[in-house]
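Shown next: model_15.cif, containing mmCIF, C-alpha atoms.
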```
data_input
loop_
_atom_site.label_atom_id
_atom_site.label_comp_id
_atom_site.auth_asym_id
_atom_site.auth_seq_id
_atom_site.Cartn_x
_atom_site.Cartn_y
_atom_site.Cartn_z
CA MET K 1 -63.29 92.06 -96.98
CA ASN K 2 -66.45 93.95 -95.78
CA GLY K 3 -68.63 91.13 -94.47
CA ILE K 4 -67.52 88.55 -97.03
CA SER K 5 -66.10 85.36 -95.59
CA GLU K 6 -62.92 83.92 -97.04
CA GLU K 7 -62.89 81.14 -94.43
CA LYS K 8 -63.65 77.51 -95.18
CA PHE K 9 -66.71 76.30 -93.28
CA GLY K 10 -66.09 72.93 -91.64
CA GLN K 11 -69.64 71.58 -91.64
CA ILE K 12 -70.50 71.71 -95.36
CA GLU K 13 -71.52 68.03 -95.57
CA GLU K 14 -73.73 68.41 -92.49
CA ILE K 15 -75.35 71.51 -94.04
CA LYS K 16 -76.03 69.57 -97.24
CA GLU K 17 -77.61 66.71 -95.24
CA GLN K 18 -79.79 69.13 -93.25
CA THR K 19 -80.84 70.91 -96.45
CA ARG K 20 -81.70 67.61 -98.14
CA ALA K 21 -83.75 66.51 -95.09
CA VAL K 22 -85.73 69.78 -94.98
CA PHE K 23 -86.35 69.62 -98.75
CA THR K 24 -87.52 65.99 -98.57
CA GLU K 25 -89.98 66.66 -95.75
CA LEU K 26 -91.37 69.75 -97.45
CA MET K 27 -91.83 67.87 -100.72
CA GLU K 28 -93.79 65.16 -98.91
CA ALA K 29 -96.11 67.76 -97.34
CA ALA K 30 -96.45 70.17 -100.27
CA ASN K 31 -97.57 67.78 -103.04
CA LEU K 32 -96.01 69.97 -105.71
CA GLU K 33 -96.69 69.27 -109.36
CA GLU K 34 -94.22 69.39 -112.22
CA GLY K 35 -93.53 73.01 -113.15
CA ASP K 36 -94.43 74.42 -109.71
CA ILE K 37 -92.04 76.86 -108.01
CA LEU K 38 -90.16 76.48 -104.73
CA VAL K 39 -88.93 79.84 -103.40
CA VAL K 40 -85.94 79.83 -101.05
CA GLY K 41 -84.46 82.62 -99.00
CA CYS K 42 -81.10 81.86 -97.44
CA SER K 43 -78.74 83.77 -95.17
CA SER K 44 -75.30 82.15 -95.26
CA SER K 45 -74.38 84.48 -92.39
CA GLU K 46 -77.08 82.94 -90.17
CA VAL K 47 -76.07 79.41 -91.24
CA ALA K 48 -72.53 80.20 -90.01
CA ASN K 49 -73.85 81.69 -86.72
CA HIS K 50 -73.39 85.35 -87.64
CA LYS K 51 -75.88 88.22 -87.87
CA ILE K 52 -77.87 88.19 -91.11
CA GLY K 53 -76.08 90.10 -93.86
CA SER K 54 -72.74 90.30 -92.03
CA TRP K 55 -70.78 87.22 -93.18
CA SER K 56 -71.62 86.18 -96.76
CA SER K 57 -70.12 82.79 -97.50
CA GLU K 58 -69.87 81.75 -101.13
CA GLU K 59 -69.10 78.19 -99.99
CA ILE K 60 -72.28 77.89 -97.89
CA GLY K 61 -74.49 79.50 -100.53
CA GLN K 62 -73.12 77.14 -103.17
CA ALA K 63 -73.60 74.02 -101.01
CA ILE K 64 -77.22 74.84 -100.20
CA PHE K 65 -78.02 75.88 -103.78
CA GLU K 66 -76.53 72.72 -105.31
CA THR K 67 -78.45 70.49 -102.90
CA LEU K 68 -81.80 72.21 -103.51
CA TYR K 69 -81.30 72.62 -107.26
CA GLN K 70 -80.57 68.91 -107.65
CA GLY K 71 -83.69 68.03 -105.66
CA CYS K 72 -85.84 70.43 -107.68
CA LYS K 73 -84.57 69.04 -110.99
CA GLU K 74 -85.37 65.50 -109.83
CA LYS K 75 -88.94 66.61 -108.94
CA GLY K 76 -89.40 68.64 -112.12
CA ILE K 77 -90.03 71.87 -110.23
CA TYR K 78 -88.44 75.29 -110.52
CA LEU K 79 -86.21 76.79 -107.83
CA ALA K 80 -86.37 80.55 -107.19
CA ALA K 81 -83.63 82.15 -105.07
CA GLN K 82 -84.68 85.23 -103.13
CA CYS K 83 -82.09 88.00 -103.11
CA CYS K 84 -81.39 90.02 -99.98
CA GLU K 85 -82.92 93.40 -99.21
CA HIS K 86 -80.19 95.24 -101.15
CA LEU K 87 -81.88 93.98 -104.33
CA ASN K 88 -85.36 94.53 -102.86
CA ARG K 89 -85.80 90.79 -102.44
CA ALA K 90 -85.79 90.19 -106.20
CA LEU K 91 -85.67 86.56 -107.29
CA ILE K 92 -83.31 84.57 -109.48
CA LEU K 93 -84.77 81.66 -111.43
CA GLU K 94 -84.49 79.94 -114.77
CA LYS K 95 -85.48 82.22 -117.66
CA LYS K 96 -87.73 79.40 -118.87
CA ALA K 97 -89.75 79.65 -115.64
CA ALA K 98 -90.00 83.45 -115.89
CA LYS K 99 -91.37 83.10 -119.42
CA GLU K 100 -93.71 80.22 -118.53
CA TYR K 101 -95.20 82.21 -115.63
CA ARG K 102 -95.10 85.50 -117.62
CA LEU K 103 -92.99 87.23 -114.97
CA PRO K 104 -91.52 90.58 -116.04
CA MET K 105 -87.73 90.29 -115.95
CA VAL K 106 -85.44 92.98 -114.54
CA ASN K 107 -81.83 93.83 -115.28
CA VAL K 108 -79.72 92.95 -112.25
CA MET K 109 -77.05 90.39 -111.43
CA PRO K 110 -76.62 89.46 -107.74
CA GLN K 111 -73.30 89.89 -105.92
CA LEU K 112 -72.21 88.59 -102.52
CA LYS K 113 -73.13 91.83 -100.73
CA ALA K 114 -76.01 92.80 -103.03
CA GLY K 115 -78.18 89.77 -103.47
CA GLY K 116 -76.35 87.30 -101.26
CA SER K 117 -74.36 84.11 -101.65
CA PHE K 118 -77.37 81.87 -102.34
CA SER K 119 -78.65 84.03 -105.20
CA VAL K 120 -75.10 84.36 -106.59
CA ALA K 121 -74.84 80.55 -106.60
CA ALA K 122 -78.23 80.37 -108.37
CA TRP K 123 -77.15 82.93 -110.98
CA ARG K 124 -74.03 80.90 -111.71
CA GLY K 125 -75.71 77.49 -111.45
CA PHE K 126 -78.88 77.91 -113.51
CA GLU K 127 -78.72 77.04 -117.20
CA CYS K 128 -80.07 80.47 -118.21
CA PRO K 129 -80.73 82.70 -115.17
CA ALA K 130 -83.16 85.58 -115.02
CA ALA K 131 -84.10 88.09 -112.34
CA VAL K 132 -87.69 89.02 -111.53
CA GLU K 133 -89.16 91.31 -108.90
CA GLU K 134 -91.94 89.09 -107.67
CA LEU K 135 -93.67 85.78 -108.08
CA LYS K 136 -96.14 83.61 -106.21
CA ALA K 137 -94.59 80.22 -105.45
CA GLN K 138 -96.42 77.09 -104.36
CA ALA K 139 -93.96 76.32 -101.53
CA GLY K 140 -91.00 77.87 -99.76
CA ILE K 141 -88.02 77.38 -97.48
CA ASP K 142 -86.77 80.27 -95.37
CA ILE K 143 -83.24 79.68 -94.06
CA GLY K 144 -82.23 82.30 -91.51
CA ASP K 145 -85.47 84.30 -91.26
CA THR K 146 -85.12 86.06 -94.62
CA LEU K 147 -88.89 86.69 -94.98
CA ILE K 148 -90.04 84.82 -98.09
CA GLY K 149 -93.76 85.15 -97.36
CA MET K 150 -94.29 87.88 -99.94
CA HIS K 151 -93.36 85.37 -102.64
CA LEU K 152 -95.86 82.65 -101.67
CA GLN K 153 -99.33 82.13 -103.10
CA PRO K 154 -102.22 82.63 -100.75
CA VAL K 155 -102.95 80.64 -98.59
CA ALA K 156 -99.58 79.75 -96.98
CA VAL K 157 -99.59 76.84 -94.53
CA PRO K 158 -96.59 76.30 -92.21
CA VAL K 159 -94.79 72.97 -92.55
CA ARG K 160 -92.89 71.85 -89.47
CA THR K 161 -89.86 69.77 -90.34
CA LYS K 162 -87.90 67.52 -87.99
CA VAL K 163 -84.78 69.50 -88.90
CA GLY K 164 -85.42 73.01 -87.55
CA ASN K 165 -82.03 74.48 -88.44
CA ILE K 166 -79.56 74.40 -91.29
CA GLY K 167 -76.24 75.06 -89.64
CA ASN K 168 -77.16 77.69 -87.08
CA ALA K 169 -79.95 79.25 -89.15
CA HIS K 170 -83.57 78.84 -88.14
CA VAL K 171 -85.65 77.17 -90.88
CA VAL K 172 -89.31 77.82 -91.65
CA CYS K 173 -91.11 76.00 -94.47
CA ALA K 174 -94.49 76.54 -96.07
CA ARG K 175 -96.76 74.98 -98.62
CA THR K 176 -99.74 76.71 -100.13
CA ARG K 177 -103.30 75.61 -100.73
CA LEU K 178 -106.22 76.91 -102.72
CA LYS K 179 -108.50 79.41 -100.99
CA TYR K 180 -111.77 78.07 -99.62
CA ILE K 181 -114.70 80.02 -101.03
CA GLY K 182 -118.42 79.75 -100.60
CA GLY K 183 -120.60 79.23 -97.61
CA GLU K 184 -122.24 76.45 -95.65
CA ARG K 185 -123.30 74.56 -98.81
CA ALA K 186 -119.84 74.56 -100.34
CA VAL K 187 -118.04 71.24 -100.81
CA TYR K 188 -114.23 71.14 -100.82
CA GLN K 189 -111.74 68.71 -102.32
#
```
The structure given in the file should be rewritten as structure tokens.
Amino acid sequence: MNGISEEKFGQIEEIKEQTRAVFTELMEAANLEEGDILVVGCSSSEVANHKIGSWSSEEIGQAIFETLYQGCKEKGIYLAAQCCEHLNRALILEKKAAKEYRLPMVNVMPQLKAGGSFSVAAWRGFECPAAVEELKAQAGIDIGDTLIGMHLQPVAVPVRTKVGNIGNAHVVCARTRLKYIGGERAVYQ
């Protein structure tokens, strides 16, 4: 079916391990606090060694979502799943987070070819999902060069992880820090 994979992907456990390793390293570097947001963009096509947007795999999206969602719940942080460009990179997160951060919600429900497999897994996996158009997260994971930067707070700082790929997808992580203001007499924390 038009760019939707029906195949079983043989390396699901390896993908979960890689995802867990990237998450763990980012959490160590980011120093997130309870209630902070981790934004994740994920191309299951890239993970499976296909061109972004050409091979949506429900199985891969689900495996990565479950791994990250479990980690986020353990840390007490919110997970936000970036949708693909067909939904203008909207985000799926818990409705509780949207309300807490006063994010205007929009009426859309992601599909495999309009949102992507990761956001579909988030929609199905969250207790009460909501869609928003934008947010400013404290940290992020970009799996497959999906361009999450627009959803990070200023100032974003790259975090290099030992695991540079999940499956075949390139991984880039970032944490954010407060802006430095003032001049030569300023003192910073």
Residues at most 12 Å from K:Thr24, counting all atoms listed in the file, excluding those fewer than 4 positions away in the same chain, as a list in words? Glu17, Gln18, Thr19, Arg20, Glu28, Ala29, Ala30, Asn31, Leu32, Thr67, Leu68, Gln70, Gly71, Cys72, Glu74, Lys75, Ile141, Val159, Thr161, Lys162, Val163 and Cys173 of chain K
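Candidate residues K:His151, K:His170, K:Lys99, K:Lys113 were compared for distance to K:Ala81, and the nearest is K:His151, using only C-alpha atoms.
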For K:Glu134, work out the shell of residues within 10 Å, counting only C-alpha atoms and skipping chain neighbours fewer than 2 positions away, then give it as a PDB file with C-alpha atoms, keeping the file's coordinate frame.
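Below is the file that was written, around_35.pdb:
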```
ATOM      1  CA  GLN K  82     -84.680  85.230-103.130  1.00  0.00           C
ATOM      2  CA  ASN K  88     -85.360  94.530-102.860  1.00  0.00           C
ATOM      3  CA  ARG K  89     -85.800  90.790-102.440  1.00  0.00           C
ATOM      4  CA  ALA K  90     -85.790  90.190-106.200  1.00  0.00           C
ATOM      5  CA  LEU K  91     -85.670  86.560-107.290  1.00  0.00           C
ATOM      6  CA  ILE K  92     -83.310  84.570-109.480  1.00  0.00           C
ATOM      7  CA  LEU K 103     -92.990  87.230-114.970  1.00  0.00           C
ATOM      8  CA  PRO K 104     -91.520  90.580-116.040  1.00  0.00           C
ATOM      9  CA  MET K 105     -87.730  90.290-115.950  1.00  0.00           C
ATOM     10  CA  ALA K 131     -84.100  88.090-112.340  1.00  0.00           C
ATOM     11  CA  VAL K 132     -87.690  89.020-111.530  1.00  0.00           C
ATOM     12  CA  LYS K 136     -96.140  83.610-106.210  1.00  0.00           C
ATOM     13  CA  ALA K 137     -94.590  80.220-105.450  1.00  0.00           C
ATOM     14  CA  MET K 150     -94.290  87.880 -99.940  1.00  0.00           C
ATOM     15  CA  HIS K 151     -93.360  85.370-102.640  1.00  0.00           C
ATOM     16  CA  LEU K 152     -95.860  82.650-101.670  1.00  0.00           C
TER      17      LEU K 152
END
```
Build an axis-aligned box that encloses every atom of stretch 153-169 of chain K listed in the file, pad it by 3 Å on each side, and report its centre and edge lengths in Å to one decimal, as lines of an AutoDock Vina configuration file.
```
center_x = -89.6
center_y = 75.1
center_z = -95.1
size_x = 32.7
size_y = 21.1
size_z = 22.0
```
Picked residues, the PyMOL selection byres ((chain K and resi 129) around 9), as number ranges by chain: K: 92-96, 122-128, 130-131
